[in-house]
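Shown here: start.txt, compact mmCIF, C-alpha atoms.
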```
# COMPACT_ATOMS: atom_id res chain seq x y z
CA MET A 1 31.70 18.79 -3.96
CA ILE A 2 31.74 15.23 -2.57
CA GLY A 3 31.67 16.59 0.99
CA SER A 4 28.49 18.58 0.31
CA ILE A 5 26.71 15.51 -1.07
CA LYS A 6 27.61 13.43 1.97
CA ALA A 7 26.63 16.27 4.28
CA GLY A 8 23.21 16.51 2.62
CA ALA A 9 22.57 12.80 3.10
CA ILE A 10 23.63 12.95 6.72
CA TYR A 11 21.51 16.06 7.33
CA ASN A 12 18.43 14.43 5.79
CA SER A 13 18.84 11.30 7.90
CA ILE A 14 19.20 13.33 11.10
CA VAL A 15 16.45 15.88 10.48
CA THR A 16 13.67 13.45 9.47
CA PRO A 17 10.49 14.80 11.03
CA LYS A 18 8.60 12.64 13.50
CA ASN A 19 5.47 12.81 11.35
CA GLU A 20 7.39 11.37 8.41
CA GLU A 21 8.44 8.39 10.51
CA LYS A 22 4.81 7.80 11.54
CA LYS A 23 3.71 8.01 7.90
CA ASN A 24 6.35 5.46 6.95
CA GLU A 25 5.14 3.11 9.71
CA GLN A 26 1.51 3.51 8.60
CA LEU A 27 2.51 2.84 5.00
CA THR A 28 4.33 -0.32 6.03
CA GLN A 29 1.30 -1.51 8.01
CA THR A 30 -1.01 -0.75 5.07
CA GLN A 31 1.24 -2.64 2.68
CA SER A 32 1.41 -5.67 4.96
CA SER A 33 -2.38 -5.74 5.37
CA GLY A 34 -2.71 -5.39 1.59
CA ASN A 35 -0.32 -8.29 1.10
CA SER A 36 -2.33 -10.47 3.48
CA LYS A 37 -5.52 -9.61 1.57
CA ILE A 38 -3.82 -10.58 -1.69
CA LYS A 39 -2.65 -13.88 -0.19
CA GLU A 40 -6.17 -14.54 1.11
CA LEU A 41 -7.72 -13.85 -2.30
CA THR A 42 -5.09 -15.98 -4.05
CA ALA A 43 -5.89 -18.91 -1.77
CA MET A 44 -9.62 -18.49 -2.39
CA ILE A 45 -9.09 -18.44 -6.17
CA GLN A 46 -6.89 -21.54 -6.06
CA LYS A 47 -9.50 -23.41 -4.01
CA GLY A 48 -12.29 -22.31 -6.33
CA GLU A 49 -14.12 -20.49 -3.51
CA TYR A 50 -13.86 -16.97 -4.98
CA LYS A 51 -17.04 -15.74 -6.62
CA VAL A 52 -17.37 -12.64 -8.80
CA ASP A 53 -20.49 -10.56 -8.15
CA ILE A 54 -21.23 -9.28 -11.64
CA ASP A 55 -23.70 -6.61 -10.44
CA VAL A 56 -21.22 -5.03 -8.03
CA LEU A 57 -18.40 -5.28 -10.57
CA SER A 58 -20.46 -3.63 -13.30
CA LYS A 59 -21.44 -0.76 -10.96
CA LYS A 60 -17.78 -0.19 -10.03
CA ILE A 61 -16.78 -0.13 -13.69
CA ALA A 62 -19.60 2.28 -14.54
CA ASP A 63 -18.67 4.57 -11.62
CA SER A 64 -15.04 4.66 -12.69
CA LEU A 65 -16.03 5.67 -16.23
CA ILE A 66 -18.24 8.55 -15.06
```

Can you turn what I pasted into structure tokens?
Amino acid sequence: MIGSIKAGAIYNSIVTPKNEEKKNEQLTQTQSSGNSKIKELTAMIQKGEYKVDIDVLSKKIADSLI
């Protein structure tokens, strides 16, 4: 039983499709760009430079409710 579990893990690590690896790389890049956007927004908020556009915000809220 233990041998079959280890074999499954080894098989999955060897047979990972190339497309899956590319998806993982893209996901990592997306996450890092998202993190930089969050850091940028955080800095703007702390400096008092961030402004909320109430018209755009209200439209987004209305669209999400529809």

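Atom to atom, atom CA of Ile66 of chain A and atom CA of Lys51 of chain A stand 25.7 Å apart.
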
*d(atom CA of Ser36 of chain A, atom CA of Ile54 of chain A) in Å*: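 Spanning atom CA of Ser36 of chain A to atom CA of Ile54 of chain A is a straight-line distance of 24.2 Å.
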
*Quick one: distance from atom CA of Lys60 of chain A to atom CA of Lys47 of chain A in Å, one decimal?*
25.4 Å
